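Report on the following structure.
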Amino acid sequence: MDDRSTVATGDVMEIDTGISVHDVPRLVGEDLLAIVVPAADGSVRIRSLGVLDEFTGERSDLLLAIGASRGDWTDVIGEAVHRGARALVTDPLPDAVLQRIRPVAERTGVCLLERSGDLPWLVLSDMIRDLIQHAEADRIRGSGVALEDLAGLAESLAEMLGGPVIIEDAKFRVLSYSSSTDQVDRGRDIAILGRRIPDGWLGHLESLGVIDRLLGTDEIVTVDDGPFEARRRLLCSIRAERFLLGILWVAEGETPLPPDIHDRMAAAARTAAPFLLRHQEAGFQRRATQNRQMRLLLDQGTIPQSTAEEYGLSPADRYTVLGLRASPDALLTNLDRNRTVESVGMYCQSYRWRAATTTIGHTVYCVLAHDRETSDGRLSDFASAVGEHVRRALLGRGVQVSLSRTVRVLQDIPTARRQVDEVLETCPAADPLTVITFDDALARIALSRVGHFLKANAIDYPKLDRLRAEDEASGSEYTATLSAYLSAFGNVVAAARRLNVHVTTLRYRLKRIQAISGLDLDDPAERLLCELLLR
């Protein structure tokens, strides 16, 4: 980066990104946001925004104290400092509270800002995020690098980081790389020539647990060695809010990386985010085309052979459909749906599963292509891992995952999709993450189908109608008694215990039930019909 975006201070390079904390109220509107305790350091800049709550524990330069208890604001400021905040936005505070906490804010160096009570928190957060993103884009344009120029970005970041750089998307595909005169290692050359991370490196990262850290955190990871006699590498994720956009690599060449490389990597990841957002927006256009093709596959089982090959679905021996919904309300915003589709696709590719994903309504569908040796247990374990990954991306919201039976040809995908839908419709989520296969849910599904058939064909049973009429007229409980008896498989002892009556009382009721209704409880077909209708 040129000297308009970096300032050298001794041996440490300070990256001049974000916006000045004192500029935030002016840009938002001083009638909407006001500084009540200025920052002790006038050079404080805001590069990230988060919410001060007990759930995420996220670290950000500026935190919003939404719904914070006013019992002890000293603790609130202390928690904000612990999470790396340089500024804190609060609701309007009484003068007495403000006078009490002012010395605490001044001592810790936290800038306190008050929002207008008329400004919704959501609107304020959107305004500040837009300011941060625009500041990043304007700074990059000012450095002479076009936002579309990923190659120029890689060169600039290599100079900034002091080593050869590779920028990959969230599926570990190489987007750009810096030129280098150093002899780094064959792995970098293979990645560049093949336009994606080599399988040897992917397996190495997986064995070290690095992939999960890159997918789930913004931690900077050091890998001291690797395949092809690799030298030291540093990796970190490139993110927009909580969503993964890509991966940044820097390799140590003949010259050692600078001592403040971790700080530089964090700044470089923030710098790269607008570039990858623009690249991803272009990808969304391609995604729209894929969604149409996948909708036809899921609905009608039709897809051009060339398209199936392009999506990695052909050739394959077997196919399984995975369905995913957020729970309990199964409602996702358009942004959440798109990001979830990308997240599932990226997770599949990261762990070398061939898959194509799309969303219909509030359900995300993933068609998995695999060989005939892939076991049901492996499919179920992978579904659990995908569900957990998405649950974290959705900030802990519950996730329900269903798996179809395996089918042999793409033309049978609609059948597998219907199985997924039936699981989601009949099996309510009970835990933060619920994974249910079609065969595990078959009993519920079969009863649901029978129920739909009975309603659609208006099937009733006069014998049960007579029993219900007697209960209504006399206040008896014959219908409930019959239901408990049938549910206990005709075991009068178990049924009596469930009803909390004596066995003799139950036997008397059963005789009365048969006398009133005309039911023959010795007939298996009649017992089965009664139990289905009572359910």
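Simple scheme: letters A, B, ... for chains in structure tokens order, numbers from 1 for residues in each chain, numbers from 1 for ligands in the order shown.
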Counting only C-alpha atoms, which residues of stretch 85-134 of chain A fall within 12 Å of stretch 235-241 of chain A, and what is the closest atom pair for each with its distance in Å at one decimal, ordered by chain and rising number, as a tab-separated table?
```
residue	atom	partner	partner_atom	distance
A:Ser125	CA	A:Glu241	CA	11.7
A:Asp126	CA	A:Glu241	CA	11.6
A:Arg129	CA	A:Glu241	CA	9.2
A:Asp130	CA	A:Ala240	CA	11.7
A:Ile132	CA	A:Ala240	CA	11.2
A:Gln133	CA	A:Ala240	CA	9.5
```
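Once A:Gln349 and its same-chain neighbours fewer than 4 positions away are set aside, Ala170, Lys171, Phe172, Arg173, Ser343, Val344, Gly345, Trp353, Arg354, Ala355 and Ala356 of chain A remain within 10 Å of it when counting only C-alpha atoms.
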Any chance you can output those residues with C-alpha atoms as a CSV table (one decimal), in the first residue's frame?
```
chain,number,residue,atom,x,y,z
A,170,ALA,CA,-14.8,-19.2,0.5
A,171,LYS,CA,-14.5,-22.4,-1.4
A,172,PHE,CA,-10.7,-22.3,-1.5
A,173,ARG,CA,-10.6,-21.3,-5.2
A,343,SER,CA,-22.2,-21.3,3.5
A,344,VAL,CA,-23.5,-24.9,2.9
A,345,GLY,CA,-21.9,-25.0,-0.5
A,353,TRP,CA,-18.2,-33.4,-0.9
A,354,ARG,CA,-19.7,-32.9,-4.4
A,355,ALA,CA,-22.9,-30.9,-3.9
A,356,ALA,CA,-25.2,-28.3,-5.4
```
Handout entry: Minimum-distance residue to A:Arg418, chosen among A:Glu388, A:Asp299, A:Asp381, A:Asp75 (using only C-alpha atoms)
Key = A:Asp299
Can you list, as a short mmCIF file (atom, residue, chain, number, x, y, z; two decimals) with C-alpha atoms, in the first residue's frame, every protein, DNA or RNA residue that comes within 12 Å of A:Ile190 when you count only C-alpha atoms, leaving out same-chain residues fewer than 4 positions away?
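Once everything was written out, this is selection.cif:
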```cif
data_model
loop_
_atom_site.label_atom_id
_atom_site.label_comp_id
_atom_site.auth_asym_id
_atom_site.auth_seq_id
_atom_site.Cartn_x
_atom_site.Cartn_y
_atom_site.Cartn_z
CA ILE A 166 -2.84 -15.68 -2.42
CA VAL A 174 -7.75 -18.98 -6.10
CA VAL A 184 8.55 -20.27 -1.98
CA ASP A 185 7.50 -23.89 -2.60
CA ARG A 186 5.75 -26.11 -5.11
CA GLY A 194 -4.82 -25.38 -10.58
CA ARG A 195 -6.74 -22.29 -9.38
CA ARG A 196 -7.52 -23.91 -6.02
CA ILE A 197 -5.79 -25.20 -2.91
CA PRO A 198 -4.10 -28.58 -3.58
CA ASP A 199 -5.75 -31.61 -1.97
CA GLY A 200 -2.56 -32.29 -0.02
CA TRP A 201 -2.74 -28.86 1.61
CA PRO A 227 3.20 -30.45 2.05
CA PHE A 228 5.88 -29.92 -0.62
#
```
Exercise for the section: Write out as JSON, numbers by chain each polymer residue whose atoms come within 12 Å of A:Val341, counting only C-alpha atoms; drop sequence neighbours fewer than 4 positions from it. Expected result: {"A": [243, 284, 287, 288, 290, 291, 323, 324, 325, 332, 334, 335, 336, 337, 345, 346, 347, 348, 355, 356, 357, 358, 359, 360, 362, 363, 364, 365, 366, 367, 386, 389, 390, 393]}
Exercise for the section: Please report, as a PyMOL selection string, each residue of stretch 202-394 of chain A to which DSSP assigns strand (DSSP E or B) when run on this structure's backbone. Expected result: chain A and resi 221-223+233-240+243-251+318-327+354-360+363-370
Got time to write the residues from that selection, N, CA and C atoms, as a compact mmCIF listing (two decimals), in the first residue's frame?
```txt
# COMPACT_ATOMS: atom_id res chain seq x y z
N VAL A 221 -4.18 -17.76 11.71
CA VAL A 221 -3.62 -19.09 11.96
C VAL A 221 -2.23 -19.17 11.35
N THR A 222 -1.30 -19.70 12.11
CA THR A 222 0.07 -19.93 11.62
C THR A 222 0.27 -21.42 11.37
N VAL A 223 0.77 -21.75 10.18
CA VAL A 223 1.12 -23.13 9.84
C VAL A 223 2.62 -23.14 9.54
N ARG A 233 3.44 -20.31 6.78
CA ARG A 233 2.34 -19.56 6.19
C ARG A 233 1.43 -19.02 7.29
N LEU A 234 0.79 -17.89 6.99
CA LEU A 234 -0.26 -17.36 7.86
C LEU A 234 -1.54 -17.28 7.04
N LEU A 235 -2.64 -17.67 7.65
CA LEU A 235 -3.95 -17.65 6.99
C LEU A 235 -4.94 -16.93 7.88
N CYS A 236 -5.90 -16.26 7.28
CA CYS A 236 -7.02 -15.71 8.04
C CYS A 236 -8.22 -15.58 7.11
N SER A 237 -9.39 -15.51 7.71
CA SER A 237 -10.61 -15.37 6.93
C SER A 237 -10.83 -13.90 6.57
N ILE A 238 -11.51 -13.70 5.46
CA ILE A 238 -11.95 -12.36 5.04
C ILE A 238 -13.46 -12.35 5.19
N ARG A 239 -13.99 -11.42 5.99
CA ARG A 239 -15.40 -11.48 6.36
C ARG A 239 -16.11 -10.15 6.13
N ALA A 240 -17.43 -10.29 5.90
CA ALA A 240 -18.34 -9.16 5.96
C ALA A 240 -19.32 -9.49 7.07
N PHE A 243 -20.22 -13.31 8.00
CA PHE A 243 -20.20 -14.20 6.85
C PHE A 243 -18.82 -14.26 6.21
N LEU A 244 -18.42 -15.48 5.87
CA LEU A 244 -17.12 -15.71 5.26
C LEU A 244 -17.15 -15.35 3.78
N LEU A 245 -16.19 -14.53 3.36
CA LEU A 245 -16.06 -14.15 1.95
C LEU A 245 -14.89 -14.87 1.29
N GLY A 246 -13.82 -15.11 2.03
CA GLY A 246 -12.66 -15.73 1.41
C GLY A 246 -11.56 -15.98 2.43
N ILE A 247 -10.42 -16.41 1.89
CA ILE A 247 -9.26 -16.76 2.72
C ILE A 247 -8.05 -16.00 2.18
N LEU A 248 -7.28 -15.40 3.09
CA LEU A 248 -6.05 -14.70 2.74
C LEU A 248 -4.86 -15.51 3.23
N TRP A 249 -3.92 -15.79 2.30
CA TRP A 249 -2.69 -16.51 2.63
C TRP A 249 -1.50 -15.57 2.43
N VAL A 250 -0.53 -15.66 3.30
CA VAL A 250 0.77 -15.04 3.04
C VAL A 250 1.83 -16.06 3.41
N ALA A 251 2.83 -16.22 2.54
CA ALA A 251 3.90 -17.19 2.76
C ALA A 251 5.19 -16.45 3.11
N ARG A 318 -24.63 -42.47 -6.59
CA ARG A 318 -25.79 -42.29 -5.72
C ARG A 318 -25.99 -40.80 -5.44
N TYR A 319 -27.21 -40.47 -5.01
CA TYR A 319 -27.55 -39.09 -4.66
C TYR A 319 -28.40 -39.09 -3.38
N THR A 320 -28.17 -38.11 -2.53
CA THR A 320 -28.96 -37.91 -1.32
C THR A 320 -29.29 -36.43 -1.21
N VAL A 321 -30.53 -36.12 -0.84
CA VAL A 321 -30.94 -34.73 -0.67
C VAL A 321 -30.94 -34.39 0.81
N LEU A 322 -30.30 -33.29 1.15
CA LEU A 322 -30.28 -32.76 2.51
C LEU A 322 -31.12 -31.50 2.53
N GLY A 323 -32.03 -31.40 3.49
CA GLY A 323 -32.85 -30.20 3.66
C GLY A 323 -32.55 -29.54 4.99
N LEU A 324 -32.59 -28.22 5.03
CA LEU A 324 -32.21 -27.50 6.24
C LEU A 324 -33.14 -26.31 6.44
N ARG A 325 -33.61 -26.16 7.67
CA ARG A 325 -34.44 -25.01 8.03
C ARG A 325 -33.99 -24.47 9.37
N ALA A 326 -34.13 -23.16 9.51
CA ALA A 326 -33.95 -22.55 10.84
C ALA A 326 -35.21 -22.82 11.64
N SER A 327 -35.06 -23.01 12.93
CA SER A 327 -36.20 -23.28 13.79
C SER A 327 -36.17 -22.30 14.97
N ARG A 354 -19.09 -33.47 -3.14
CA ARG A 354 -19.66 -32.88 -4.36
C ARG A 354 -21.12 -32.58 -4.09
N ALA A 355 -21.51 -31.34 -4.27
CA ALA A 355 -22.87 -30.94 -3.90
C ALA A 355 -23.28 -29.70 -4.66
N ALA A 356 -24.58 -29.54 -4.83
CA ALA A 356 -25.16 -28.31 -5.39
C ALA A 356 -26.29 -27.88 -4.47
N THR A 357 -26.37 -26.60 -4.16
CA THR A 357 -27.31 -26.10 -3.18
C THR A 357 -28.21 -25.03 -3.78
N THR A 358 -29.38 -24.89 -3.19
CA THR A 358 -30.30 -23.82 -3.56
C THR A 358 -31.29 -23.64 -2.42
N THR A 359 -32.16 -22.67 -2.54
CA THR A 359 -33.19 -22.46 -1.53
C THR A 359 -34.54 -22.30 -2.22
N ILE A 360 -35.55 -22.92 -1.64
CA ILE A 360 -36.94 -22.78 -2.09
C ILE A 360 -37.76 -22.44 -0.87
N THR A 363 -36.58 -23.20 2.99
CA THR A 363 -35.80 -24.43 3.09
C THR A 363 -34.58 -24.36 2.17
N VAL A 364 -33.43 -24.70 2.70
CA VAL A 364 -32.21 -24.81 1.90
C VAL A 364 -32.02 -26.28 1.53
N TYR A 365 -31.89 -26.55 0.23
CA TYR A 365 -31.71 -27.91 -0.25
C TYR A 365 -30.27 -28.09 -0.75
N CYS A 366 -29.72 -29.25 -0.45
CA CYS A 366 -28.36 -29.59 -0.89
C CYS A 366 -28.41 -30.99 -1.48
N VAL A 367 -28.11 -31.11 -2.78
CA VAL A 367 -28.06 -32.41 -3.44
C VAL A 367 -26.62 -32.91 -3.36
N LEU A 368 -26.42 -34.03 -2.67
CA LEU A 368 -25.10 -34.61 -2.49
C LEU A 368 -24.90 -35.73 -3.51
N ALA A 369 -23.79 -35.70 -4.23
CA ALA A 369 -23.42 -36.76 -5.17
C ALA A 369 -22.28 -37.57 -4.54
N HIS A 370 -22.43 -38.89 -4.50
CA HIS A 370 -21.42 -39.70 -3.83
C HIS A 370 -21.39 -41.09 -4.45
```
Handout entry: Shell of 8 Å around A:Ile436, only C-alpha atoms, local chain residues under 6 positions omitted, as a ChimeraX atom specification
Key = /A:401-403,423
Create the file for the chosen residues now, containing N, CA and C atoms and written as a CSV table (one decimal), in the first residue's frame.
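Writing done, so here's out12.csv:
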```csv
chain,number,residue,atom,x,y,z
A,401,VAL,N,-32.3,-30.4,10.4
A,401,VAL,CA,-31.8,-31.0,9.1
A,401,VAL,C,-32.5,-32.3,8.9
A,402,SER,N,-32.9,-32.5,7.6
A,402,SER,CA,-33.5,-33.8,7.2
A,402,SER,C,-32.7,-34.4,6.1
A,403,LEU,N,-32.7,-35.7,6.0
A,403,LEU,CA,-32.0,-36.5,5.0
A,403,LEU,C,-32.9,-37.4,4.3
A,423,VAL,N,-40.3,-34.9,6.2
A,423,VAL,CA,-39.6,-35.0,7.5
A,423,VAL,C,-39.7,-33.6,8.2
```
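Considering the residues A:Ser517, A:Gln411, A:Thr217, A:Gln99 and counting only C-alpha atoms, A:Leu296 has its shortest atom-to-atom contact with A:Gln411.
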Exercise for the section: Write out as a ChimeraX atom specification which residues come within 10 Å of stretch 482-492 of chain A when counting only C-alpha atoms, dropping same-chain ones fewer than 5 positions away. Expected result: /A:464,467,477,497-499,502-504,506-507,509-510,513-514,521-522,527-528,530-535
Dump of C-alpha atoms for the selected residues, as an mmCIF file, in the first residue's frame:
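And here's out10.cif as it stands now:
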```
data_model
loop_
_atom_site.group_PDB
_atom_site.id
_atom_site.type_symbol
_atom_site.label_atom_id
_atom_site.label_comp_id
_atom_site.auth_asym_id
_atom_site.auth_seq_id
_atom_site.Cartn_x
_atom_site.Cartn_y
_atom_site.Cartn_z
ATOM 1 C CA LEU A 464 -67.091 -44.063 17.400
ATOM 2 C CA LEU A 467 -69.334 -43.324 21.818
ATOM 3 C CA GLU A 477 -64.888 -40.752 29.462
ATOM 4 C CA ARG A 497 -52.272 -47.299 35.258
ATOM 5 C CA ARG A 498 -52.291 -44.639 32.541
ATOM 6 C CA LEU A 499 -55.919 -43.744 33.307
ATOM 7 C CA HIS A 502 -58.547 -49.875 38.981
ATOM 8 C CA VAL A 503 -58.273 -52.755 36.518
ATOM 9 C CA THR A 504 -61.798 -53.889 37.389
ATOM 10 C CA LEU A 506 -61.378 -50.483 33.237
ATOM 11 C CA ARG A 507 -62.856 -53.895 32.360
ATOM 12 C CA ARG A 509 -65.831 -49.553 31.019
ATOM 13 C CA LEU A 510 -64.693 -51.736 28.114
ATOM 14 C CA ILE A 513 -67.977 -49.281 25.379
ATOM 15 C CA GLN A 514 -68.790 -52.383 23.341
ATOM 16 C CA LEU A 521 -62.477 -55.263 20.250
ATOM 17 C CA ASP A 522 -61.421 -58.808 19.332
ATOM 18 C CA ARG A 527 -59.013 -51.998 16.602
ATOM 19 C CA LEU A 528 -56.547 -50.566 14.053
ATOM 20 C CA CYS A 530 -60.331 -47.025 15.757
ATOM 21 C CA GLU A 531 -56.763 -46.168 16.807
ATOM 22 C CA LEU A 532 -56.062 -44.356 13.514
ATOM 23 C CA LEU A 533 -59.298 -42.369 13.720
ATOM 24 C CA LEU A 534 -58.707 -41.504 17.376
ATOM 25 C CA ARG A 535 -55.172 -40.300 16.554
#
```
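Take atom CA of A:Ala496 and atom CA of A:Arg466: the distance between them is 22.8 Å.
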Practice task
Could you give me the residues within stretch 388-446 of chain A that DSSP places in alpha helix (DSSP H), as a ChimeraX atom specification?
Solution key: /A:388-393,413-426,442-446
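Using only C-alpha atoms, the shortest contact distance between A:Gly209 and any of A:Trp73, A:Tyr351, A:Gly162, A:Glu168 is found at A:Tyr351.
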Handout entry: Residue among A:Arg405, A:Lys463, A:Lys511, A:Arg444 lying closest to A:Glu526, counting only C-alpha atoms
Key = A:Lys463
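Excluding A:Leu119 and any residue on its chain fewer than 4 positions from it, the residues at most 12 Å away by only C-alpha atoms are Val28, Gly29, Glu30, Asp31, Leu32, Leu33, Thr90, Asp91, Pro92, Glu114, Arg115, Val123, Leu124, Ser125, Asp126 and Met127 of chain A.
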Selection to disk with N, CA and C atoms, as a PDB file, in the first residue's frame:
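Result file is selection.pdb:
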```pdb
ATOM      1  N   VAL A  28     -23.392  10.576  10.758  1.00  0.00           N
ATOM      2  CA  VAL A  28     -24.725  10.020  11.029  1.00  0.00           C
ATOM      3  C   VAL A  28     -25.749  11.136  11.180  1.00  0.00           C
ATOM      4  N   GLY A  29     -25.330  12.220  11.818  1.00  0.00           N
ATOM      5  CA  GLY A  29     -26.226  13.325  12.142  1.00  0.00           C
ATOM      6  C   GLY A  29     -26.146  13.610  13.626  1.00  0.00           C
ATOM      7  N   GLU A  30     -25.681  14.809  13.985  1.00  0.00           N
ATOM      8  CA  GLU A  30     -25.448  15.099  15.394  1.00  0.00           C
ATOM      9  C   GLU A  30     -26.734  15.198  16.198  1.00  0.00           C
ATOM     10  N   ASP A  31     -27.882  15.319  15.499  1.00  0.00           N
ATOM     11  CA  ASP A  31     -29.152  15.282  16.221  1.00  0.00           C
ATOM     12  C   ASP A  31     -29.570  13.846  16.530  1.00  0.00           C
ATOM     13  N   LEU A  32     -28.898  12.854  15.902  1.00  0.00           N
ATOM     14  CA  LEU A  32     -29.226  11.439  16.104  1.00  0.00           C
ATOM     15  C   LEU A  32     -28.206  10.738  16.983  1.00  0.00           C
ATOM     16  N   LEU A  33     -26.960  11.227  16.975  1.00  0.00           N
ATOM     17  CA  LEU A  33     -25.890  10.592  17.740  1.00  0.00           C
ATOM     18  C   LEU A  33     -24.961  11.675  18.243  1.00  0.00           C
ATOM     19  N   THR A  90     -24.785   4.212  23.791  1.00  0.00           N
ATOM     20  CA  THR A  90     -25.792   3.884  24.802  1.00  0.00           C
ATOM     21  C   THR A  90     -27.099   4.595  24.487  1.00  0.00           C
ATOM     22  N   ASP A  91     -28.137   4.203  25.207  1.00  0.00           N
ATOM     23  CA  ASP A  91     -29.367   4.985  25.222  1.00  0.00           C
ATOM     24  C   ASP A  91     -29.112   6.300  25.965  1.00  0.00           C
ATOM     25  N   PRO A  92     -30.011   7.276  25.845  1.00  0.00           N
ATOM     26  CA  PRO A  92     -29.837   8.516  26.620  1.00  0.00           C
ATOM     27  C   PRO A  92     -29.718   8.209  28.113  1.00  0.00           C
ATOM     28  N   GLU A 114     -24.177   8.843  22.739  1.00  0.00           N
ATOM     29  CA  GLU A 114     -25.596   8.650  23.048  1.00  0.00           C
ATOM     30  C   GLU A 114     -26.402   8.730  21.761  1.00  0.00           C
ATOM     31  N   ARG A 115     -27.293   7.749  21.571  1.00  0.00           N
ATOM     32  CA  ARG A 115     -28.192   7.825  20.420  1.00  0.00           C
ATOM     33  C   ARG A 115     -29.459   8.558  20.823  1.00  0.00           C
ATOM     34  N   VAL A 123     -31.643   0.816  12.613  1.00  0.00           N
ATOM     35  CA  VAL A 123     -31.339   1.869  11.635  1.00  0.00           C
ATOM     36  C   VAL A 123     -29.955   2.436  11.905  1.00  0.00           C
ATOM     37  N   LEU A 124     -29.653   2.683  13.177  1.00  0.00           N
ATOM     38  CA  LEU A 124     -28.337   3.224  13.530  1.00  0.00           C
ATOM     39  C   LEU A 124     -27.216   2.273  13.113  1.00  0.00           C
ATOM     40  N   SER A 125     -27.386   0.986  13.395  1.00  0.00           N
ATOM     41  CA  SER A 125     -26.326   0.033  13.041  1.00  0.00           C
ATOM     42  C   SER A 125     -26.118  -0.028  11.539  1.00  0.00           C
ATOM     43  N   ASP A 126     -27.208   0.010  10.770  1.00  0.00           N
ATOM     44  CA  ASP A 126     -27.077  -0.002   9.304  1.00  0.00           C
ATOM     45  C   ASP A 126     -26.336   1.244   8.810  1.00  0.00           C
ATOM     46  N   MET A 127     -26.634   2.394   9.388  1.00  0.00           N
ATOM     47  CA  MET A 127     -25.979   3.635   8.974  1.00  0.00           C
ATOM     48  C   MET A 127     -24.475   3.576   9.251  1.00  0.00           C
TER      49      MET A 127
END
```
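Each of A:Leu150, A:Ala385, A:Leu193, A:Leu257 was checked against A:Asp169 using only C-alpha atoms; the smallest atom-to-atom distance is that of A:Leu150.
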